[in-house]
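Engineer: What follows is a single structure, and I will ask about it in a moment.
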Amino acid sequence: MRDVVNRGGVLVVTTDQLPGHVVRAVYGEVLGLSARTLSAYTEGFKSAMDGSGVSMAERIHMLTECRLEAVDRMARVAARMGANAVLAMRFDHRPITESWIEICAYGTAVQAEVARLPRPRKPATPATEADMSLKSA
């Protein structure tokens, strides 16, 4: 199974921000497409030999692969733009013809880096009575 968290150095998230990171550059919209036929036989949902169907687990696997293919293509486009992350990733689909459907993954390509946290301040030490008497003298 492919690495669905980090695709070739491009982090893909469905959120609008990337917690713990600062966006340094926005490259714009990116998309990745995957097209599938609506034929149950061509897609492998039914056997051409006897018309029998495949298991639910196999159907889910095939549908998941179709979406992941679109996301992988989107991530490659983002990487070519110089991005290392895609924010606000979404899916869309539409019929192309009566027998074909398009699956689209789209989002915003950005250059993000880990945010630097401010250094913790040294806690103030409470003044003792002796220190106070020295200051008032």
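Chain identifiers are assigned as A, B, and so on, following the order in which chains appear in the structure tokens; residues are numbered from 1 within each chain, and ligands are numbered from 1 in order of appearance.
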Report as an NGL selection string all protein, DNA and RNA residues lying within 7 Å of stretch 110-117 of chain A, evaluated on only C-alpha atoms, omitting residues in the same chain fewer than 6 positions from it.
Structural biologist: :A and (20-27 or 83-86)
Engineer: Name all residues at most 12 Å from A:Phe91 (count only C-alpha atoms; drop same-chain ones fewer than 4 positions away) and give them as a PyMOL selection string.
Structural biologist: chain A and resi 14+30-34+66-71+74+102-107
Engineer: Nearest to A:Ala88: which of A:Ala35, A:Val10, A:Leu18, A:Ala57 is it, counting only C-alpha atoms?
Structural biologist: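 Residue with the minimum atom-to-atom distance to A:Ala88: A:Leu18.
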Engineer: Among stretch 70-113 of chain A, which residues does DSSP mark as strand (DSSP E) when it is run on the backbone? Keep the chain and numbering as in the structure and answer as a list of chain:residue names.
Structural biologist: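 After running DSSP on the backbone, stretch 70-113 of chain A has strand (DSSP E) at A:Ala85, A:Val86, A:Leu87, A:Ala88, A:Met89, A:Arg90, A:Phe91, A:Asp92, A:His93, A:Arg94, A:Pro95, A:Trp100, A:Ile101, A:Glu102, A:Ile103, A:Cys104, A:Ala105, A:Tyr106, A:Gly107, A:Thr108, A:Ala109, A:Val110, A:Gln111, A:Ala112, A:Glu113.
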Engineer: Using only C-alpha atoms, which of the listed residues (A:Arg94, A:Ser99, A:Pro126, A:Met89) sits closest to A:Leu11?
Structural biologist: A:Met89
Engineer: Where in stretch 49-101 of chain A does DSSP assign helix (DSSP H, G or I), given as a PyMOL selection string?
Structural biologist: chain A and resi 56-81
Engineer: A:Ala79, A:Gln17, A:Arg36, A:Lys122: which is nearest A:His93, counting only C-alpha atoms?
Structural biologist: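 Answer, going by the shortest atom-to-atom distance: A:Arg36.
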Engineer: Can you work out which one of A:Gly9, A:Pro118, A:Pro123, A:Pro95 has the shortest atom-to-atom distance to A:Thr37, counting only C-alpha atoms?
Structural biologist: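 Comparing A:Gly9, A:Pro118, A:Pro123, A:Pro95 against A:Thr37, the winner is A:Pro95.
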Engineer: Got a sec: who's within 8 Å of A:Arg7, counting only C-alpha atoms, leaving out chain neighbours fewer than 4 positions off, as a list in words?
Structural biologist: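 After dropping sequence-adjacent residues, the list is Asp3, Leu11, Val12, Asp72 and Ala75 of chain A.
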